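Below you'll find the structure, written out as structure tokens, and then a few comments.
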Amino acid sequence: MRTRFASPRFLALAGTVVLWASAFPAIRVGVAGLGLAALSFLRLAIAAVALVAVAPFARVRVPRRGDLPQIALCGLAGMTAYQVLLNWGEIHVEAGTASLLIAVAPVFSVLLGSVFLAERLTRNVVTGSVIALSGTAVVTLSDGLSGFTAASLVVLAAAVVQGVYHFATKPLLRRYTGLEVATYAMIAGTVFALPLVPATIRATVHAPADALWAVVFLGLLPSALGFVIWGYAVARLPLAVSTGALYLVPPVALFVSFLWLGEVPHPVELLGGAVVVAGVVLINRRRATGAEPPATAGRAGDGAGTREHTGSASVRG
């Protein structure tokens with residue numbers, strides 16, 4: 001048993017959870033020193049450069065021309081809009097709280113899939129969605145109506161656009177691997193973020209060292225390396241194992257935020273977060289029961305389970 005959990009695939013899965021969880025406190029550090037625009041652009045640009053550098057070794061293919069509009073949607077929603085909204089929200093929302101709110105993203109993904117992809121809404125999906133949304137309401141209103149802020153809605157908007165990203169990647173993941181789709185979307189997201197370059201230049205000149213290190217960390221580790229090792233793990237582990245591990249991201253984010261930033265979560269927030277995760281677990285039970293067809297890899301042997309890659313990776317920072 002000890003050898004099994006020390007294997008590269010389990011270490012990759014554990015690394016993904018830690019990296020994606022640590023992104024939430026890192027965003028708090030980065031946005032405080034760099035501001036919204038600079039943090040958003042630099043993280044995307046650093047990750048895109050890193051993924052492009054890895055692409056030849058990972059045998060990432062050039063996408064088909066007909067898929068470019070879909071890739072553009074993925075980049076705009078899941079990368080540019082998601083980064084801007086999450087970074088904006090974390091100016092006022094604590095890192096741990098943000099991770100709990102982002103965990104609701106799969107709800108929006110499955111609802112969009114039912115409307116546009118004719119995916120059947122099972123009892124588990126409907127019940128899980130209601131439970132997860134109820135948990136989100138608990139987290140958002142943990143300090144009462146007087147403690148509710150627009151920043152919480154901004155973080156929820158980030159969860160919505162990430163749900164759009166999950167939904168939009170499904171057709172692409174029938175033809176490409178998860179790493180390929182992530183690379184295409186990251187590049188597209190960087191292109192859409194180019195209007196932020198002037199503000200980025202101004203902010204970077206006077207940015208403190210901790211903020212610069214935070215954005216380098218975010219771009220290279222949670223964004224670039226996180227996708228690489230997640231793709232490695234999900235291709236070699238049962239889907240239930242890889243998906244289930246991602247439920248650990250919010251609690252790990254709370255722990256890292258406590259160590260890094262000294263943030264102490266409100267007990268009601270913890271209760272609401274547990275309700276959110278329970279709802280998402282119930283939604284994902286449809287995959288374990290075989291309700292969806294098996295994933296198809298873009299290239300034989302290297303993409304097992306990649307169709308679920310972005311649908312399950314719902315709590316990345």
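Following the order of the structure tokens, chains are lettered A, B, ..., residues in each are numbered from 1, and ligands are numbered from 1.
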Item to complete: Could you give me, as a VMD selection string, the residues within 10 Å of Ile91 of chain A, counting only C-alpha atoms and dropping anything in the same chain fewer than 2 positions from it?
Response: chain A and resid 27 to 32 35 to 36 86 to 89 93 to 95 151
Worksheet entry | Exercise: Leu221 of chain A partners within 12 Å, only C-alpha atoms, chain neighbours under 5 positions left out, as a list in words |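 Counting only the stated atoms, we get Gly15, Thr16, Val17, Val18, Leu19, Trp20, Ala21, Ser22, Ala23, Ala26, Arg43, Leu44, Ile46, Ala47, Ala48, Ala50, Leu51, Trp213, Ala214, Val215, Val216, Gly226, Phe227, Val228, Ile229, Trp230, Arg316 and Gly317 of chain A.
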Okay, now the selection with N, CA and C atoms, as an mmCIF file, in the first residue's frame?
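selection-v3.cif was written with the following content:
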data_model
loop_
_atom_site.group_PDB
_atom_site.id
_atom_site.type_symbol
_atom_site.label_atom_id
_atom_site.label_comp_id
_atom_site.auth_asym_id
_atom_site.auth_seq_id
_atom_site.Cartn_x
_atom_site.Cartn_y
_atom_site.Cartn_z
ATOM 1 N N GLY A 15 0.241 16.244 -5.943
ATOM 2 C CA GLY A 15 0.848 17.516 -6.318
ATOM 3 C C GLY A 15 -0.155 18.460 -6.949
ATOM 4 N N THR A 16 -1.054 17.915 -7.772
ATOM 5 C CA THR A 16 -2.090 18.740 -8.391
ATOM 6 C C THR A 16 -2.974 19.382 -7.334
ATOM 7 N N VAL A 17 -3.403 18.594 -6.361
ATOM 8 C CA VAL A 17 -4.277 19.112 -5.306
ATOM 9 C C VAL A 17 -3.583 20.236 -4.539
ATOM 10 N N VAL A 18 -2.333 20.021 -4.164
ATOM 11 C CA VAL A 18 -1.598 21.026 -3.387
ATOM 12 C C VAL A 18 -1.370 22.290 -4.213
ATOM 13 N N LEU A 19 -0.979 22.123 -5.478
ATOM 14 C CA LEU A 19 -0.707 23.288 -6.327
ATOM 15 C C LEU A 19 -1.967 24.117 -6.558
ATOM 16 N N TRP A 20 -3.069 23.445 -6.921
ATOM 17 C CA TRP A 20 -4.299 24.185 -7.187
ATOM 18 C C TRP A 20 -4.873 24.807 -5.920
ATOM 19 N N ALA A 21 -4.674 24.157 -4.780
ATOM 20 C CA ALA A 21 -5.137 24.743 -3.527
ATOM 21 C C ALA A 21 -4.300 25.960 -3.142
ATOM 22 N N SER A 22 -2.989 25.872 -3.361
ATOM 23 C CA SER A 22 -2.100 26.976 -2.975
ATOM 24 C C SER A 22 -2.261 28.196 -3.872
ATOM 25 N N ALA A 23 -2.926 28.029 -5.006
ATOM 26 C CA ALA A 23 -3.126 29.173 -5.901
ATOM 27 C C ALA A 23 -3.989 30.249 -5.253
ATOM 28 N N ALA A 26 -1.955 32.478 -2.975
ATOM 29 C CA ALA A 26 -0.968 33.170 -3.813
ATOM 30 C C ALA A 26 -1.617 34.328 -4.566
ATOM 31 N N ARG A 43 0.121 36.024 -15.069
ATOM 32 C CA ARG A 43 -0.087 34.606 -14.793
ATOM 33 C C ARG A 43 -0.397 33.841 -16.075
ATOM 34 N N LEU A 44 -1.265 34.386 -16.906
ATOM 35 C CA LEU A 44 -1.608 33.733 -18.169
ATOM 36 C C LEU A 44 -0.393 33.641 -19.092
ATOM 37 N N ILE A 46 2.888 33.791 -18.411
ATOM 38 C CA ILE A 46 3.935 32.884 -17.915
ATOM 39 C C ILE A 46 3.526 31.439 -18.148
ATOM 40 N N ALA A 47 2.268 31.115 -17.847
ATOM 41 C CA ALA A 47 1.787 29.742 -18.050
ATOM 42 C C ALA A 47 1.799 29.365 -19.527
ATOM 43 N N ALA A 48 1.394 30.289 -20.392
ATOM 44 C CA ALA A 48 1.362 30.000 -21.820
ATOM 45 C C ALA A 48 2.766 29.724 -22.361
ATOM 46 N N ALA A 50 5.334 28.649 -20.680
ATOM 47 C CA ALA A 50 5.797 27.367 -20.136
ATOM 48 C C ALA A 50 5.178 26.194 -20.886
ATOM 49 N N LEU A 51 3.881 26.267 -21.175
ATOM 50 C CA LEU A 51 3.208 25.173 -21.865
ATOM 51 C C LEU A 51 3.682 25.054 -23.310
ATOM 52 N N TRP A 213 7.137 37.194 -7.057
ATOM 53 C CA TRP A 213 7.345 35.766 -6.849
ATOM 54 C C TRP A 213 6.019 35.012 -6.861
ATOM 55 N N ALA A 214 4.964 35.649 -6.326
ATOM 56 C CA ALA A 214 3.650 35.005 -6.307
ATOM 57 C C ALA A 214 3.132 34.755 -7.717
ATOM 58 N N VAL A 215 3.294 35.720 -8.611
ATOM 59 C CA VAL A 215 2.772 35.534 -9.968
ATOM 60 C C VAL A 215 3.622 34.547 -10.753
ATOM 61 N N VAL A 216 4.935 34.517 -10.500
ATOM 62 C CA VAL A 216 5.778 33.502 -11.139
ATOM 63 C C VAL A 216 5.364 32.109 -10.664
ATOM 64 N N GLY A 226 0.618 22.306 -12.995
ATOM 65 C CA GLY A 226 -0.602 21.680 -12.494
ATOM 66 C C GLY A 226 -1.354 20.937 -13.583
ATOM 67 N N PHE A 227 -1.480 21.559 -14.757
ATOM 68 C CA PHE A 227 -2.167 20.899 -15.866
ATOM 69 C C PHE A 227 -1.367 19.705 -16.377
ATOM 70 N N VAL A 228 -0.053 19.832 -16.415
ATOM 71 C CA VAL A 228 0.784 18.739 -16.933
ATOM 72 C C VAL A 228 0.670 17.501 -16.040
ATOM 73 N N ILE A 229 0.841 17.685 -14.723
ATOM 74 C CA ILE A 229 0.818 16.514 -13.843
ATOM 75 C C ILE A 229 -0.603 15.999 -13.639
ATOM 76 N N TRP A 230 -1.602 16.873 -13.745
ATOM 77 C CA TRP A 230 -2.987 16.396 -13.692
ATOM 78 C C TRP A 230 -3.283 15.488 -14.883
ATOM 79 N N ARG A 316 -9.644 24.548 -9.453
ATOM 80 C CA ARG A 316 -8.310 25.079 -9.676
ATOM 81 C C ARG A 316 -8.320 26.563 -9.350
ATOM 82 N N GLY A 317 -7.201 27.057 -8.846
ATOM 83 C CA GLY A 317 -7.144 28.469 -8.484
ATOM 84 C C GLY A 317 -6.840 29.343 -9.658
#
Fill in: Shortest interatomic distance to Arg64 of chain A - which of A:Leu172, A:Gly231, A:Gly262, A:Val139, counting only C-alpha atoms
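Using only C-alpha atoms, Arg64 of chain A sits closest to A:Leu172.
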What's the 8 Å shell around Glu269 of chain A, counting only C-alpha atoms, without same-chain residues fewer than 2 positions away, as a PDB file with all heavy atoms, in the first residue's frame?
ATOM      1  N   THR A  97     -12.293  31.165   1.463  1.00  0.00           N
ATOM      2  CA  THR A  97     -13.688  31.360   1.089  1.00  0.00           C
ATOM      3  C   THR A  97     -13.857  31.285  -0.425  1.00  0.00           C
ATOM      4  O   THR A  97     -14.815  30.687  -0.928  1.00  0.00           O
ATOM      5  CB  THR A  97     -14.190  32.719   1.603  1.00  0.00           C
ATOM      6  OG1 THR A  97     -13.997  32.799   3.015  1.00  0.00           O
ATOM      7  CG2 THR A  97     -15.659  32.919   1.283  1.00  0.00           C
ATOM      8  N   VAL A 138     -24.854  29.459   1.852  1.00  0.00           N
ATOM      9  CA  VAL A 138     -24.394  29.469   3.243  1.00  0.00           C
ATOM     10  C   VAL A 138     -23.029  30.151   3.356  1.00  0.00           C
ATOM     11  O   VAL A 138     -22.804  30.982   4.242  1.00  0.00           O
ATOM     12  CB  VAL A 138     -24.327  28.034   3.805  1.00  0.00           C
ATOM     13  CG1 VAL A 138     -23.667  28.016   5.181  1.00  0.00           C
ATOM     14  CG2 VAL A 138     -25.729  27.431   3.891  1.00  0.00           C
ATOM     15  N   VAL A 139     -22.108  29.794   2.440  1.00  0.00           N
ATOM     16  CA  VAL A 139     -20.773  30.404   2.459  1.00  0.00           C
ATOM     17  C   VAL A 139     -20.864  31.905   2.234  1.00  0.00           C
ATOM     18  O   VAL A 139     -20.240  32.714   2.933  1.00  0.00           O
ATOM     19  CB  VAL A 139     -19.864  29.762   1.389  1.00  0.00           C
ATOM     20  CG1 VAL A 139     -18.529  30.507   1.305  1.00  0.00           C
ATOM     21  CG2 VAL A 139     -19.628  28.296   1.707  1.00  0.00           C
ATOM     22  N   THR A 140     -21.661  32.303   1.257  1.00  0.00           N
ATOM     23  CA  THR A 140     -21.770  33.718   0.889  1.00  0.00           C
ATOM     24  C   THR A 140     -22.355  34.547   2.021  1.00  0.00           C
ATOM     25  O   THR A 140     -21.944  35.688   2.250  1.00  0.00           O
ATOM     26  CB  THR A 140     -22.648  33.861  -0.367  1.00  0.00           C
ATOM     27  OG1 THR A 140     -22.101  33.064  -1.412  1.00  0.00           O
ATOM     28  CG2 THR A 140     -22.696  35.308  -0.834  1.00  0.00           C
ATOM     29  N   SER A 142     -22.319  33.779   5.299  1.00  0.00           N
ATOM     30  CA  SER A 142     -21.838  33.260   6.587  1.00  0.00           C
ATOM     31  C   SER A 142     -21.783  34.333   7.665  1.00  0.00           C
ATOM     32  O   SER A 142     -21.894  34.040   8.853  1.00  0.00           O
ATOM     33  CB  SER A 142     -20.445  32.635   6.419  1.00  0.00           C
ATOM     34  OG  SER A 142     -19.515  33.596   5.941  1.00  0.00           O
ATOM     35  N   PRO A 265     -10.951  30.408   8.885  1.00  0.00           N
ATOM     36  CA  PRO A 265     -12.295  30.345   8.309  1.00  0.00           C
ATOM     37  C   PRO A 265     -13.381  30.365   9.375  1.00  0.00           C
ATOM     38  O   PRO A 265     -13.198  29.866  10.488  1.00  0.00           O
ATOM     39  CB  PRO A 265     -12.292  29.006   7.553  1.00  0.00           C
ATOM     40  CG  PRO A 265     -11.277  28.183   8.272  1.00  0.00           C
ATOM     41  CD  PRO A 265     -10.203  29.152   8.706  1.00  0.00           C
ATOM     42  N   HIS A 266     -14.504  30.967   9.031  1.00  0.00           N
ATOM     43  CA  HIS A 266     -15.666  30.986   9.912  1.00  0.00           C
ATOM     44  C   HIS A 266     -16.279  29.580   9.934  1.00  0.00           C
ATOM     45  O   HIS A 266     -16.357  28.916   8.905  1.00  0.00           O
ATOM     46  CB  HIS A 266     -16.688  31.996   9.365  1.00  0.00           C
ATOM     47  CG  HIS A 266     -17.756  32.360  10.336  1.00  0.00           C
ATOM     48  ND1 HIS A 266     -18.787  31.509  10.662  1.00  0.00           N
ATOM     49  CD2 HIS A 266     -17.963  33.493  11.065  1.00  0.00           C
ATOM     50  CE1 HIS A 266     -19.588  32.099  11.533  1.00  0.00           C
ATOM     51  NE2 HIS A 266     -19.104  33.295  11.795  1.00  0.00           N
ATOM     52  N   PRO A 267     -16.715  29.086  11.113  1.00  0.00           N
ATOM     53  CA  PRO A 267     -17.315  27.743  11.167  1.00  0.00           C
ATOM     54  C   PRO A 267     -18.480  27.556  10.191  1.00  0.00           C
ATOM     55  O   PRO A 267     -18.653  26.480   9.615  1.00  0.00           O
ATOM     56  CB  PRO A 267     -17.786  27.633  12.623  1.00  0.00           C
ATOM     57  CG  PRO A 267     -16.871  28.532  13.381  1.00  0.00           C
ATOM     58  CD  PRO A 267     -16.591  29.682  12.454  1.00  0.00           C
ATOM     59  N   LEU A 271     -19.041  24.747   7.151  1.00  0.00           N
ATOM     60  CA  LEU A 271     -20.264  23.963   6.971  1.00  0.00           C
ATOM     61  C   LEU A 271     -20.789  24.120   5.549  1.00  0.00           C
ATOM     62  O   LEU A 271     -21.134  23.135   4.883  1.00  0.00           O
ATOM     63  CB  LEU A 271     -21.316  24.406   7.985  1.00  0.00           C
ATOM     64  CG  LEU A 271     -22.705  23.773   7.826  1.00  0.00           C
ATOM     65  CD1 LEU A 271     -22.625  22.262   8.011  1.00  0.00           C
ATOM     66  CD2 LEU A 271     -23.693  24.396   8.816  1.00  0.00           C
ATOM     67  N   GLY A 272     -20.839  25.371   5.071  1.00  0.00           N
ATOM     68  CA  GLY A 272     -21.314  25.605   3.709  1.00  0.00           C
ATOM     69  C   GLY A 272     -20.423  24.959   2.677  1.00  0.00           C
ATOM     70  O   GLY A 272     -20.899  24.397   1.684  1.00  0.00           O
ATOM     71  N   GLY A 273     -19.102  25.016   2.897  1.00  0.00           N
ATOM     72  CA  GLY A 273     -18.170  24.376   1.966  1.00  0.00           C
ATOM     73  C   GLY A 273     -18.367  22.876   1.918  1.00  0.00           C
ATOM     74  O   GLY A 273     -18.307  22.257   0.845  1.00  0.00           O
TER      75      GLY A 273
END
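Closest approach to Phe24 of chain A among A:Ala81, A:Leu212, A:Val54, A:Ala253: A:Ala253, based on only C-alpha atoms.
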Fill in: Long-range neighbours of Val164 of chain A as a list in words, 9 Å cut-off, only C-alpha atoms, 4 positions minimum in chain
Leu73, Cys74, Ala77, Gly78, Ala105, Phe108, Ser109, Leu112, Ala159, Val160, Ala168 and Thr169 of chain A
Could you turn the residues from that selection into a file that holds all heavy atoms, as a compact mmCIF listing (two decimals), in the first residue's frame?
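Output file result_21.txt is given in full below:
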# COMPACT_ATOMS: atom_id res chain seq x y z
N LEU A 73 -13.40 30.45 -27.40
CA LEU A 73 -14.38 30.53 -26.31
C LEU A 73 -13.79 29.99 -25.02
O LEU A 73 -13.97 30.59 -23.95
CB LEU A 73 -15.63 29.73 -26.70
CG LEU A 73 -16.69 29.58 -25.59
CD1 LEU A 73 -17.22 30.95 -25.16
CD2 LEU A 73 -17.84 28.69 -26.07
N CYS A 74 -13.07 28.87 -25.11
CA CYS A 74 -12.44 28.29 -23.92
C CYS A 74 -11.43 29.25 -23.31
O CYS A 74 -11.36 29.42 -22.09
CB CYS A 74 -11.75 26.97 -24.27
SG CYS A 74 -12.89 25.65 -24.75
N ALA A 77 -13.37 32.42 -21.78
CA ALA A 77 -14.15 32.13 -20.57
C ALA A 77 -13.28 31.56 -19.46
O ALA A 77 -13.21 32.10 -18.35
CB ALA A 77 -15.29 31.16 -20.89
N GLY A 78 -12.59 30.44 -19.77
CA GLY A 78 -11.90 29.69 -18.72
C GLY A 78 -10.56 30.25 -18.31
O GLY A 78 -10.05 29.89 -17.24
N ALA A 105 -18.55 25.32 -9.44
CA ALA A 105 -18.47 25.42 -10.90
C ALA A 105 -19.09 24.24 -11.65
O ALA A 105 -19.74 24.43 -12.68
CB ALA A 105 -17.02 25.63 -11.34
N PHE A 108 -22.79 24.60 -12.84
CA PHE A 108 -23.07 25.37 -14.05
C PHE A 108 -22.67 24.59 -15.31
O PHE A 108 -23.31 24.68 -16.35
CB PHE A 108 -22.34 26.71 -13.99
CG PHE A 108 -22.69 27.52 -12.78
CD1 PHE A 108 -21.77 27.74 -11.77
CD2 PHE A 108 -23.96 28.05 -12.62
CE1 PHE A 108 -22.09 28.47 -10.64
CE2 PHE A 108 -24.31 28.78 -11.50
CZ PHE A 108 -23.37 28.99 -10.51
N SER A 109 -21.63 23.78 -15.18
CA SER A 109 -21.18 22.97 -16.31
C SER A 109 -22.24 21.95 -16.71
O SER A 109 -22.59 21.83 -17.89
CB SER A 109 -19.87 22.25 -15.95
OG SER A 109 -19.48 21.39 -16.99
N LEU A 112 -25.38 23.64 -18.24
CA LEU A 112 -25.15 24.02 -19.64
C LEU A 112 -25.15 22.80 -20.55
O LEU A 112 -25.67 22.84 -21.66
CB LEU A 112 -23.82 24.78 -19.76
CG LEU A 112 -23.81 26.21 -19.22
CD1 LEU A 112 -22.38 26.72 -19.14
CD2 LEU A 112 -24.65 27.12 -20.10
N ALA A 159 -16.86 31.27 -10.98
CA ALA A 159 -17.30 29.87 -11.03
C ALA A 159 -18.19 29.61 -12.23
O ALA A 159 -18.11 28.55 -12.86
CB ALA A 159 -18.04 29.51 -9.73
N VAL A 160 -19.02 30.59 -12.58
CA VAL A 160 -19.90 30.44 -13.75
C VAL A 160 -19.08 30.33 -15.04
O VAL A 160 -19.32 29.43 -15.86
CB VAL A 160 -20.89 31.62 -13.85
CG1 VAL A 160 -21.66 31.57 -15.17
CG2 VAL A 160 -21.87 31.59 -12.68
N ALA A 168 -17.57 23.99 -22.65
CA ALA A 168 -17.05 24.26 -23.99
C ALA A 168 -15.92 23.32 -24.39
O ALA A 168 -15.68 23.10 -25.58
CB ALA A 168 -16.58 25.72 -24.08
N THR A 169 -15.21 22.76 -23.41
CA THR A 169 -14.09 21.87 -23.75
C THR A 169 -14.55 20.46 -24.11
O THR A 169 -13.78 19.71 -24.70
CB THR A 169 -13.09 21.76 -22.58
OG1 THR A 169 -13.78 21.28 -21.42
CG2 THR A 169 -12.43 23.08 -22.29
Worksheet item: Can you list, as number ranges by chain, every protein, DNA or RNA residue that comes within 8 Å of Ala278 of chain A when you count only C-alpha atoms, leaving out same-chain residues fewer than 2 positions away?
Response: A: 128, 131-132, 274-276, 280-282
